[in-house]
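What follows is my_file.txt (compact mmCIF, C-alpha atoms and all ligand atoms).
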```txt
# COMPACT_ATOMS: atom_id res chain seq x y z
CA MET A 24 145.92 108.03 79.96
CA THR A 25 142.54 108.19 78.18
CA THR A 26 139.80 106.06 79.65
CA VAL A 27 137.11 104.64 77.42
CA ASP A 28 133.70 105.07 78.96
CA LEU A 29 132.31 101.60 78.37
CA PRO A 30 128.89 101.04 79.91
CA LEU A 31 128.85 98.37 82.61
CA LEU A 32 126.31 95.76 81.59
CA PRO A 33 124.64 93.38 83.99
CA LEU A 34 125.03 89.94 82.46
CA GLY A 35 122.61 89.11 79.70
CA ARG A 36 120.71 92.35 80.26
CA GLY A 37 121.30 95.18 77.82
CA THR A 38 123.62 95.61 74.86
CA ASP A 39 126.42 97.90 73.89
CA PRO A 40 126.00 98.61 70.16
CA LEU A 41 129.52 100.04 69.91
CA SER A 42 131.24 96.86 71.07
CA GLU A 43 130.83 93.11 71.01
CA ARG A 44 129.67 93.04 74.60
CA GLY A 45 126.20 92.01 75.66
CA VAL A 46 125.15 91.22 72.08
CA GLU A 47 121.62 89.88 72.02
CA CYS A 48 120.18 87.45 69.44
CA PRO A 49 116.42 87.98 69.07
CA GLY A 50 114.37 84.78 68.91
CA ASP A 51 115.45 81.27 69.85
CA LEU A 52 119.17 80.66 69.72
CA PRO A 53 120.13 77.10 68.68
CA ALA A 54 121.97 74.99 71.26
CA PRO A 55 125.67 75.96 71.55
CA SER A 56 126.79 72.49 70.44
CA ASP A 57 125.48 69.94 68.00
CA PRO A 58 122.43 68.51 69.85
CA ASP A 59 123.60 65.03 68.83
CA LEU A 60 126.59 65.52 71.08
CA VAL A 61 124.34 65.87 74.11
CA ALA A 62 122.66 62.53 73.30
CA ARG A 63 126.06 60.91 72.64
CA ALA A 64 127.46 62.13 75.96
CA GLN A 65 124.37 60.83 77.77
CA ALA A 66 124.58 57.45 76.02
CA ALA A 67 128.30 57.07 76.80
CA LYS A 68 127.72 58.00 80.46
CA GLU A 69 124.93 55.44 80.73
CA LYS A 70 127.09 52.70 79.18
CA LEU A 71 129.97 53.42 81.55
CA GLY A 72 127.68 53.53 84.61
CA ASP A 73 129.42 53.43 87.98
CA LYS A 74 132.80 52.85 86.35
CA LEU A 75 132.76 56.54 85.43
CA PHE A 76 132.89 59.61 87.69
CA VAL A 77 132.81 63.03 86.02
CA LEU A 78 134.15 66.02 87.93
CA GLY A 79 133.24 69.59 86.85
CA HIS A 80 135.05 72.69 88.07
CA HIS A 81 132.89 75.76 88.70
CA TYR A 82 134.57 77.64 85.84
CA GLN A 83 133.54 75.08 83.21
CA ARG A 84 131.07 75.82 80.42
CA ASP A 85 127.37 74.97 80.99
CA GLU A 86 127.44 72.48 78.08
CA VAL A 87 130.05 70.47 79.99
CA ILE A 88 128.93 71.06 83.58
CA GLN A 89 125.55 69.43 82.81
CA PHE A 90 127.37 66.08 82.65
CA ALA A 91 129.32 66.49 85.90
CA ASP A 92 128.46 64.07 88.72
CA VAL A 93 129.83 66.65 91.16
CA THR A 94 130.91 70.28 90.85
CA GLY A 95 133.33 72.19 93.02
CA ASP A 96 136.66 73.94 93.30
CA SER A 97 139.89 72.07 92.62
CA PHE A 98 140.43 70.81 96.16
CA LYS A 99 136.85 69.69 96.72
CA LEU A 100 136.90 67.82 93.41
CA ALA A 101 140.15 66.03 94.24
CA ARG A 102 138.63 64.96 97.57
CA ASP A 103 135.42 63.88 95.82
CA ALA A 104 137.49 61.74 93.44
CA ALA A 105 139.36 60.16 96.38
CA ALA A 106 135.99 59.27 97.94
CA ARG A 107 135.01 57.18 94.89
CA PRO A 108 137.57 54.32 94.89
CA ASP A 109 135.12 52.15 92.91
CA ALA A 110 135.21 54.46 89.89
CA GLU A 111 137.66 53.11 87.33
CA TYR A 112 137.64 56.29 85.23
CA ILE A 113 137.74 59.81 86.64
CA VAL A 114 137.06 62.33 83.87
CA PHE A 115 138.22 65.73 85.08
CA CYS A 116 136.52 68.70 83.44
CA GLY A 117 138.98 71.29 84.68
CA VAL A 118 142.64 72.02 84.02
CA HIS A 119 145.85 70.00 84.06
CA PHE A 120 147.06 70.65 87.63
CA MET A 121 143.65 69.61 88.96
CA ALA A 122 143.78 66.31 87.11
CA GLU A 123 147.28 65.75 88.52
CA SER A 124 146.00 66.33 92.07
CA ALA A 125 143.14 63.89 91.45
CA ASP A 126 145.66 61.30 90.20
CA ILE A 127 147.78 61.80 93.35
CA LEU A 128 144.77 61.42 95.68
CA THR A 129 143.17 58.42 93.93
CA GLY A 130 144.22 54.77 93.84
CA PRO A 131 146.79 53.40 91.36
CA GLU A 132 144.15 51.42 89.50
CA GLN A 133 141.99 54.50 88.89
CA LYS A 134 142.61 56.37 85.64
CA VAL A 135 142.26 60.16 85.49
CA VAL A 136 141.37 61.63 82.09
CA LEU A 137 141.61 65.30 81.00
CA PRO A 138 139.41 65.66 77.87
CA ASP A 139 141.73 68.23 76.27
CA LEU A 140 145.44 68.23 77.13
CA ALA A 141 145.67 71.88 76.10
CA ALA A 142 143.63 72.77 79.21
CA GLY A 143 146.55 74.04 81.27
CA CYS A 144 146.67 76.97 83.69
CA SER A 145 148.69 80.09 82.95
CA MET A 146 149.25 80.67 86.68
CA ALA A 147 150.59 77.15 87.28
CA ASP A 148 152.84 77.59 84.23
CA MET A 149 154.41 80.69 85.80
CA ALA A 150 156.32 78.54 88.33
CA ARG A 151 158.43 75.85 86.63
CA LEU A 152 160.42 73.41 88.72
CA ALA A 153 163.79 74.48 87.23
CA GLN A 154 163.03 78.13 88.06
CA VAL A 155 161.99 77.29 91.62
CA GLU A 156 165.07 75.07 92.20
CA LYS A 157 167.24 77.95 90.96
CA ALA A 158 165.50 80.37 93.33
CA TRP A 159 165.97 77.90 96.20
CA ASP A 160 169.73 77.77 95.49
CA ALA A 161 169.84 81.58 95.35
CA LEU A 162 168.12 81.76 98.75
CA ALA A 163 170.85 79.44 100.07
CA ALA A 164 173.55 81.65 98.58
CA ALA A 165 171.92 84.69 100.22
CA GLY A 166 172.12 82.87 103.57
CA VAL A 167 168.36 82.75 104.22
CA GLN A 168 167.27 79.35 102.87
CA ASP A 169 167.38 77.75 106.35
CA GLN A 170 164.66 80.16 107.48
CA VAL A 171 162.38 79.63 104.47
CA VAL A 172 159.31 77.37 104.33
CA PRO A 173 157.86 76.89 100.81
CA VAL A 174 154.07 77.07 100.51
CA THR A 175 152.36 76.40 97.22
CA TYR A 176 148.83 77.16 96.16
CA MET A 177 146.83 74.18 94.91
CA ASN A 178 147.03 75.86 91.48
CA SER A 179 150.53 74.59 90.76
CA SER A 180 152.04 71.58 89.02
CA ALA A 181 152.61 68.28 90.81
CA ALA A 182 156.37 68.98 90.48
CA ILE A 183 156.02 72.18 92.55
CA LYS A 184 153.88 70.42 95.16
CA ALA A 185 156.59 67.73 95.34
CA PHE A 186 159.25 70.46 95.77
CA CYS A 187 157.29 71.72 98.80
CA GLY A 188 156.90 68.19 100.12
CA ARG A 189 160.64 67.44 100.09
CA ASN A 190 161.60 70.86 101.48
CA GLY A 191 159.39 70.94 104.58
CA GLY A 192 156.54 72.86 102.93
CA VAL A 193 152.82 72.56 102.43
CA VAL A 194 150.04 73.03 99.86
CA CYS A 195 147.20 75.49 100.49
CA THR A 196 143.90 76.42 98.85
CA SER A 197 142.15 79.77 98.70
CA SER A 198 139.99 78.50 101.60
CA ASN A 199 142.79 77.60 103.99
CA ALA A 200 145.69 79.88 102.99
CA GLU A 201 145.51 81.63 106.37
CA VAL A 202 145.94 78.46 108.46
CA ALA A 203 148.58 77.13 106.06
CA LEU A 204 150.60 80.33 106.45
CA GLU A 205 150.19 80.27 110.24
CA TRP A 206 151.51 76.70 110.20
CA ALA A 207 154.43 77.68 107.95
CA PHE A 208 155.45 80.69 110.06
CA ALA A 209 155.56 78.45 113.15
CA GLN A 210 158.04 76.00 111.57
CA LYS A 211 161.36 77.81 112.01
CA GLY A 212 160.93 80.18 114.92
CA PRO A 213 160.33 83.93 114.90
CA ASP A 214 162.55 84.55 111.87
CA THR A 215 160.67 82.19 109.55
CA LYS A 216 160.09 83.39 106.01
CA VAL A 217 157.65 81.92 103.51
CA LEU A 218 158.32 81.39 99.81
CA PHE A 219 154.78 81.54 98.41
CA LEU A 220 154.16 79.93 95.00
CA PRO A 221 152.89 80.71 92.38
CA ASP A 222 150.21 83.37 93.06
CA GLN A 223 151.63 86.58 94.47
CA HIS A 224 148.15 88.01 95.05
CA LEU A 225 146.77 85.20 97.21
CA GLY A 226 150.05 85.25 99.19
CA ARG A 227 150.04 89.01 99.70
CA ASN A 228 146.32 89.28 100.47
CA THR A 229 146.53 86.52 103.07
CA ALA A 230 149.77 87.70 104.71
CA VAL A 231 148.67 91.33 104.97
CA LEU A 232 144.91 91.11 105.54
CA GLU A 233 144.67 87.88 107.56
CA LEU A 234 148.02 87.63 109.33
CA GLY A 235 148.76 91.34 109.82
CA HIS A 236 152.10 91.53 108.00
CA SER A 237 152.94 94.83 106.33
CA LEU A 238 153.27 95.31 102.59
CA ASP A 239 156.94 96.20 103.22
CA GLN A 240 157.50 92.69 104.58
CA CYS A 241 156.34 91.21 101.26
CA VAL A 242 158.85 91.11 98.40
CA VAL A 243 158.32 89.72 94.90
CA TRP A 244 160.70 87.11 93.44
CA ASN A 245 160.99 87.62 89.69
CA PRO A 246 162.30 84.36 88.16
CA PHE A 247 163.44 86.25 85.04
CA LYS A 248 165.86 88.45 87.00
CA ALA A 249 169.17 87.51 88.61
CA ASP A 250 168.58 86.60 92.27
CA GLY A 251 164.90 87.26 91.72
CA GLY A 252 165.62 90.98 91.35
CA LEU A 253 166.13 91.23 95.14
CA THR A 254 169.11 92.32 97.20
CA ALA A 255 170.40 90.23 100.12
CA GLU A 256 169.17 93.01 102.42
CA GLU A 257 165.65 92.93 100.98
CA LEU A 258 165.57 89.16 101.43
CA ALA A 259 166.85 89.41 104.99
CA ASP A 260 164.10 91.91 105.90
CA ALA A 261 161.27 90.06 104.14
CA ARG A 262 158.75 87.70 105.77
CA MET A 263 156.88 86.79 102.57
CA ILE A 264 158.80 86.05 99.39
CA LEU A 265 156.06 86.10 96.77
CA TRP A 266 156.62 84.31 93.47
CA LYS A 267 155.86 86.63 90.54
CA GLY A 268 152.84 84.70 89.29
CA HIS A 269 149.19 85.58 88.92
CA CYS A 270 145.90 84.38 87.50
CA SER A 271 145.25 85.84 84.05
CA VAL A 272 141.53 86.03 84.84
CA HIS A 273 141.44 87.36 88.41
CA GLY A 274 144.39 89.68 87.80
CA ARG A 275 142.21 91.68 85.39
CA PHE A 276 139.79 93.16 87.92
CA SER A 277 140.60 96.75 88.82
CA PRO A 278 139.64 99.11 91.66
CA ASP A 279 138.34 101.85 89.33
CA VAL A 280 135.53 99.54 88.13
CA ILE A 281 134.49 99.07 91.76
CA ASP A 282 134.34 102.88 92.21
CA GLU A 283 132.36 103.27 89.01
CA LEU A 284 129.86 100.56 89.94
CA ARG A 285 129.39 101.84 93.48
CA ALA A 286 128.57 105.29 92.04
CA LYS A 287 125.92 103.73 89.79
CA VAL A 288 124.39 100.95 91.87
CA PRO A 289 123.00 101.79 95.33
CA ASP A 290 123.90 99.41 98.18
CA LEU A 291 126.21 97.40 95.97
CA ASN A 292 128.07 94.46 97.55
CA VAL A 293 131.44 93.67 96.00
CA LEU A 294 132.48 90.03 96.32
CA VAL A 295 135.87 88.92 95.00
CA HIS A 296 138.27 85.98 94.96
CA PRO A 297 141.60 86.37 96.82
CA GLU A 298 143.50 85.83 93.56
CA CYS A 299 142.52 89.44 92.73
CA GLN A 300 145.06 92.24 93.11
CA HIS A 301 145.51 93.68 96.61
CA GLU A 302 144.01 97.07 95.61
CA VAL A 303 140.84 95.29 94.44
CA VAL A 304 140.55 93.16 97.57
CA LEU A 305 140.97 96.28 99.73
CA LYS A 306 137.93 97.86 98.08
CA ALA A 307 135.75 94.73 98.20
CA ASP A 308 133.15 94.00 100.89
CA LEU A 309 133.79 90.25 100.96
CA VAL A 310 136.68 88.07 99.84
CA GLY A 311 136.72 84.29 99.55
CA SER A 312 137.05 81.11 97.50
CA THR A 313 134.64 80.09 94.75
CA GLU A 314 132.75 77.92 97.27
CA PHE A 315 132.47 80.97 99.57
CA ILE A 316 131.24 83.12 96.68
CA ILE A 317 128.53 80.58 95.80
CA LYS A 318 127.36 80.20 99.41
CA THR A 319 127.30 83.99 99.87
CA ILE A 320 125.08 84.52 96.83
CA GLU A 321 122.79 81.63 97.83
CA ALA A 322 122.30 83.23 101.25
CA ALA A 323 121.87 86.80 99.93
CA PRO A 324 118.43 88.42 100.26
CA ALA A 325 116.24 88.92 97.20
CA GLY A 326 116.73 92.33 95.64
CA SER A 327 120.34 92.69 96.82
CA SER A 328 123.00 93.82 94.34
CA TRP A 329 126.31 92.03 93.82
CA ALA A 330 129.36 92.73 91.67
CA ILE A 331 131.42 89.55 91.53
CA GLY A 332 135.11 89.28 90.69
CA THR A 333 135.70 85.73 89.56
CA GLU A 334 135.53 83.69 86.34
CA LEU A 335 132.64 84.62 84.06
CA ASN A 336 131.14 81.13 83.59
CA LEU A 337 130.51 80.97 87.33
CA VAL A 338 129.17 84.54 87.55
CA GLN A 339 126.84 83.90 84.62
CA ARG A 340 125.58 80.67 86.23
CA LEU A 341 124.96 82.48 89.54
CA ALA A 342 123.09 85.26 87.71
CA ASN A 343 120.91 82.69 85.91
CA ALA A 344 120.22 80.75 89.13
CA HIS A 345 119.30 83.87 91.12
CA PRO A 346 117.14 86.10 88.90
CA ASP A 347 115.73 87.74 92.07
CA LYS A 348 119.17 89.21 92.83
CA ASN A 349 121.00 91.85 90.82
CA ILE A 350 124.23 90.08 89.87
CA MET A 351 126.86 91.71 87.70
CA PHE A 352 130.38 90.96 86.55
CA LEU A 353 133.20 93.10 87.92
CA ASP A 354 134.87 93.87 84.62
CA ARG A 355 134.08 95.97 81.58
CA ASN A 356 135.07 93.18 79.24
CA VAL A 357 134.35 89.49 78.86
CA CYS A 358 137.02 87.40 80.57
CA TYR A 359 136.57 83.67 80.57
CA CYS A 360 139.46 81.45 81.58
CA SER A 361 140.66 80.46 78.12
CA THR A 362 142.21 77.18 79.27
CA MET A 363 139.18 76.11 81.32
CA ASN A 364 137.10 76.74 78.21
CA ARG A 365 139.25 74.30 76.21
CA ILE A 366 137.07 71.54 77.68
CA ASP A 367 134.04 71.59 75.43
CA LEU A 368 131.35 69.07 74.58
CA PRO A 369 133.16 67.61 71.52
CA HIS A 370 136.24 66.83 73.65
CA LEU A 371 134.12 65.38 76.47
CA VAL A 372 132.19 63.15 74.05
CA TRP A 373 135.46 62.02 72.41
CA ALA A 374 136.95 61.08 75.80
CA LEU A 375 133.79 59.26 76.97
CA GLU A 376 133.23 57.32 73.74
CA ASN A 377 136.86 56.17 73.78
CA LEU A 378 136.36 54.92 77.34
CA VAL A 379 133.27 53.01 76.19
CA GLU A 380 135.50 51.32 73.60
CA GLY A 381 138.03 50.47 76.32
CA ARG A 382 140.58 53.08 75.18
CA VAL A 383 141.86 55.47 77.85
CA VAL A 384 142.76 58.74 76.11
CA ASN A 385 144.53 61.75 77.64
CA GLN A 386 145.36 59.94 80.87
CA ILE A 387 147.10 62.14 83.43
CA GLU A 388 149.70 60.13 85.33
CA VAL A 389 152.07 61.63 87.87
CA ASP A 390 155.33 59.66 88.23
CA PRO A 391 155.63 57.72 91.51
CA GLN A 392 158.40 59.81 93.11
CA THR A 393 156.71 63.14 92.33
CA GLU A 394 153.44 61.66 93.56
CA ALA A 395 154.96 60.49 96.86
CA GLU A 396 156.62 63.87 97.55
CA ALA A 397 153.55 65.89 96.51
CA LEU A 398 151.43 63.70 98.77
CA VAL A 399 153.63 64.70 101.74
CA ALA A 400 152.78 68.38 101.13
CA LEU A 401 149.09 67.60 100.53
CA GLU A 402 148.87 65.49 103.68
CA ARG A 403 150.46 68.30 105.71
CA MET A 404 147.63 70.49 104.42
CA LEU A 405 144.98 67.91 105.31
CA ALA A 406 146.40 67.78 108.86
CA LEU A 407 146.05 71.55 109.36
CA PRO A 408 143.61 72.58 112.09
CA GLY A 409 140.05 73.48 110.96
CA LYS A 410 139.25 75.37 107.82
CA SER A 411 138.94 79.08 107.31
CA HIS A 412 135.51 80.68 107.77
CA LYS A 413 135.79 81.47 104.08
CA ASP A 414 135.56 77.86 102.98
S1 LIG B 501 141.07 80.85 86.36
FE1 LIG B 501 143.23 81.45 86.63
S2 LIG B 501 144.06 80.02 88.17
FE2 LIG B 501 142.11 79.13 87.38
S3 LIG B 501 142.74 77.79 85.69
FE3 LIG B 501 142.27 79.78 84.77
S4 LIG B 501 144.29 80.86 84.72
FE4 LIG B 501 144.48 79.12 86.13
```
How would this structure read if it were set down as structure tokens?
Ligand code: SF4
Amino acid sequence: MTTVDLPLLPLGRGTDPLSERGVECPGDLPAPSDPDLVARAQAAKEKLGDKLFVLGHHYQRDEVIQFADVTGDSFKLARDAAARPDAEYIVFCGVHFMAESADILTGPEQKVVLPDLAAGCSMADMARLAQVEKAWDALAAAGVQDQVVPVTYMNSSAAIKAFCGRNGGVVCTSSNAEVALEWAFAQKGPDTKVLFLPDQHLGRNTAVLELGHSLDQCVVWNPFKADGGLTAEELADARMILWKGHCSVHGRFSPDVIDELRAKVPDLNVLVHPECQHEVVLKADLVGSTEFIIKTIEAAPAGSSWAIGTELNLVQRLANAHPDKNIMFLDRNVCYCSTMNRIDLPHLVWALENLVEGRVVNQIEVDPQTEAEALVALERMLALPGKSHKD
């Protein structure tokens, strides 16, 4: 395989004339959106006052995040929404599964709005309810279903959370995956197995690096193969049955970039999200959720060097906020989350101005039965002891 020797560019510093990366525009660049839109968003927010609560996920664009009342990861934002029962409208600048979780955790009279319905999540889409039900039946046919506890990552549809709720399972986040898995493995005695949905990497990294399972005890369930592509023997021997899903953004980071950067940057610290591949996590110095990544950079000494493996909007924002630290992106290419970036200022203004007119557009409503069952799995998570040190 030929490797292309692309220079690794610290964000916003330097250009690569042979590619589109790091392109600089001399002089003053106009605002990324029509400046009128900024004024219109401000005016709509003022008119709506306390009736409105805008949530902004860390991976959102700057032009949108400036209007967020709070920022955070998906779980923190859902909790923030639940803590504002007086807000009639919750506008969620994030992706579809997050808005669903906010709808589940808020009151029936509160309306959750997603400014662009095309803002889905490719990882959540990799585990459809029909596929998971089929896998569950196959586990029964293989004689192991009684030993299996389903655990789903927050980044999954409400239907998958409900599946976990009605089958004795739990939801987890990247902050508490370790305690959630400990809880799950204690549910059915020493032979308990976990079906981990939908992110194989978070499941594998947590089971192997935090709980001490071996890679051999982790098998991957491929929903596009008969019986998940696994033999009855492989299922019988497994402790972790990992759904074949991944994040299109975090799955891109590769160990060879870490080697290359370490050779070039003295005393480099590599900080990655646990949705990254196992080989990447093994080579990193620190692993944790987006909240952990932010806190780590805030606490880092001036002059320290960091290569960060998470979504580029957040890495760029951290680099801008900490010019005294050498912050770089852990990939040769640009990789924004394309669905997160669907939420732009025009869509936000459109949603807010409709609310001012009394029209609720793009409301995300989870049906009552799904909501009740998903809430069971979410409440099991909320009852878990403490949070991981990586919160
Ligand atoms: S960053 Fe990954 S997990 Fe998050 S919304 Fe985008 S595709 Fe989904």
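All residues, whether protein, DNA or RNA, that have an atom at most 7 Å from ligand LIG 501 (chain B) (counting all atoms listed in the file) are A:Val118, A:Gly143, A:Cys144, A:Ser145, A:Met146, A:Ala147, A:Asn178, A:Cys270, A:Ser271, A:Val272, A:His273, A:Glu334, A:Cys360, A:Ser361, A:Thr362, A:Met363.
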C-alpha atoms of the current selection, written as a compact mmCIF listing (two decimals), keeping the file's coordinate frame:
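Saved the output as out-v7.txt:
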```
# COMPACT_ATOMS: atom_id res chain seq x y z
CA VAL A 118 142.64 72.02 84.02
CA GLY A 143 146.55 74.04 81.27
CA CYS A 144 146.67 76.97 83.69
CA SER A 145 148.69 80.09 82.95
CA MET A 146 149.25 80.67 86.68
CA ALA A 147 150.59 77.15 87.28
CA ASN A 178 147.03 75.86 91.48
CA CYS A 270 145.90 84.38 87.50
CA SER A 271 145.25 85.84 84.05
CA VAL A 272 141.53 86.03 84.84
CA HIS A 273 141.44 87.36 88.41
CA GLU A 334 135.53 83.69 86.34
CA CYS A 360 139.46 81.45 81.58
CA SER A 361 140.66 80.46 78.12
CA THR A 362 142.21 77.18 79.27
CA MET A 363 139.18 76.11 81.32
```
Which residue gives the smallest distance to Ser124 in chain A among A:Ala207, A:Val77, A:Leu401, A:Ile366, with all atoms listed in the file counted?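 Distance minimum relative to Ser124 in chain A lands on A:Leu401.
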Give me, please, the distance in Å between CA of Leu378 in chain A and CA of Phe98 in chain A, quoted to one decimal.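 CA of Phe98 in chain A lies 25.0 Å from CA of Leu378 in chain A.
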Quick one: residues within 7 Å of range 85-90 of chain A, all atoms listed in the file counted, chain neighbours fewer than 2 positions away excluded, as a PyMOL selection string? chain A and resi 79+83+92+367-368
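Rounded to one decimal, CA of Val194 in chain A and CA of Ala181 in chain A lie 10.5 Å from each other.
By chain and then residue number, the residues within 12 Å of His301 in chain A are A:Asp222, A:Gln223, A:His224, A:Leu225, A:Gly226, A:Arg227, A:Asn228, A:Thr229, A:Ala230, A:Val231, A:Leu232, A:Leu238, A:His269, A:His273, A:Gly274, A:Arg275, A:Phe276, A:Ser277, A:Pro278, A:Val295, A:His296, A:Lys306, A:Ala307, A:Val310, counting only C-alpha atoms and disregarding those fewer than 5 positions away in sequence.
Distances to Ala185 in chain A were evaluated for A:Ala286, A:Val135, A:Ile127, A:Val338 using all atoms listed in the file, and the minimum falls at A:Ile127.
Note that the spacing between CA of Asp308 in chain A and CA of Pro346 in chain A amounts to 21.5 Å.
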Please list as a ChimeraX atom specification every residue within 8 Å of Ala150 in chain A, counting all atoms listed in the file and excluding residues in the same chain fewer than 6 positions away. /A:179,183,220-221,266,268
Incomplete range 134-151 of chain A brought to N, CA and C atoms, written out as a JSON list (two decimals), in the coordinates of the input:
```json
[["chain", "number", "residue", "atom", "x", "y", "z"],
["A", 134, "LYS", "N", 142.00, 55.62, 86.74],
["A", 134, "LYS", "CA", 142.61, 56.37, 85.64],
["A", 134, "LYS", "C", 141.95, 57.75, 85.52],
["A", 135, "VAL", "N", 142.78, 58.79, 85.57],
["A", 135, "VAL", "CA", 142.26, 60.16, 85.49],
["A", 135, "VAL", "C", 142.45, 60.67, 84.06],
["A", 136, "VAL", "N", 141.36, 61.18, 83.49],
["A", 136, "VAL", "CA", 141.37, 61.63, 82.09],
["A", 136, "VAL", "C", 141.05, 63.13, 82.03],
["A", 137, "LEU", "N", 141.87, 63.88, 81.26],
["A", 137, "LEU", "CA", 141.61, 65.30, 81.00],
["A", 137, "LEU", "C", 141.17, 65.39, 79.53],
["A", 138, "PRO", "N", 139.90, 65.76, 79.25],
["A", 138, "PRO", "CA", 139.41, 65.66, 77.87],
["A", 138, "PRO", "C", 140.21, 66.43, 76.83],
["A", 139, "ASP", "N", 140.88, 67.52, 77.23],
["A", 139, "ASP", "CA", 141.73, 68.23, 76.27],
["A", 139, "ASP", "C", 143.05, 68.56, 76.98],
["A", 140, "LEU", "N", 144.14, 68.02, 76.46],
["A", 140, "LEU", "CA", 145.44, 68.23, 77.13],
["A", 140, "LEU", "C", 145.91, 69.67, 77.05],
["A", 141, "ALA", "N", 145.29, 70.47, 76.19],
["A", 141, "ALA", "CA", 145.67, 71.88, 76.10],
["A", 141, "ALA", "C", 145.05, 72.70, 77.23],
["A", 142, "ALA", "N", 144.24, 72.05, 78.08],
["A", 142, "ALA", "CA", 143.63, 72.77, 79.21],
["A", 142, "ALA", "C", 144.65, 72.88, 80.34],
["A", 143, "GLY", "N", 145.56, 73.80, 80.20],
["A", 143, "GLY", "CA", 146.55, 74.04, 81.27],
["A", 143, "GLY", "C", 146.08, 75.18, 82.14],
["A", 144, "CYS", "N", 147.01, 75.81, 82.86],
["A", 144, "CYS", "CA", 146.67, 76.97, 83.69],
["A", 144, "CYS", "C", 147.85, 77.93, 83.60],
["A", 145, "SER", "N", 147.58, 79.15, 83.14],
["A", 145, "SER", "CA", 148.69, 80.09, 82.95],
["A", 145, "SER", "C", 149.38, 80.39, 84.28],
["A", 146, "MET", "N", 148.61, 80.41, 85.38],
["A", 146, "MET", "CA", 149.25, 80.67, 86.68],
["A", 146, "MET", "C", 150.20, 79.53, 87.06],
["A", 147, "ALA", "N", 149.73, 78.30, 86.93],
["A", 147, "ALA", "CA", 150.59, 77.15, 87.28],
["A", 147, "ALA", "C", 151.86, 77.16, 86.41],
["A", 148, "ASP", "N", 151.69, 77.56, 85.14],
["A", 148, "ASP", "CA", 152.84, 77.59, 84.23],
["A", 148, "ASP", "C", 153.87, 78.65, 84.60],
["A", 149, "MET", "N", 153.47, 79.60, 85.44],
["A", 149, "MET", "CA", 154.41, 80.69, 85.80],
["A", 149, "MET", "C", 155.45, 80.24, 86.83],
["A", 150, "ALA", "N", 155.29, 79.05, 87.41],
["A", 150, "ALA", "CA", 156.32, 78.54, 88.33],
["A", 150, "ALA", "C", 156.75, 77.16, 87.84],
["A", 151, "ARG", "N", 157.87, 77.11, 87.13],
["A", 151, "ARG", "CA", 158.43, 75.85, 86.63],
["A", 151, "ARG", "C", 159.42, 75.33, 87.66]]
```
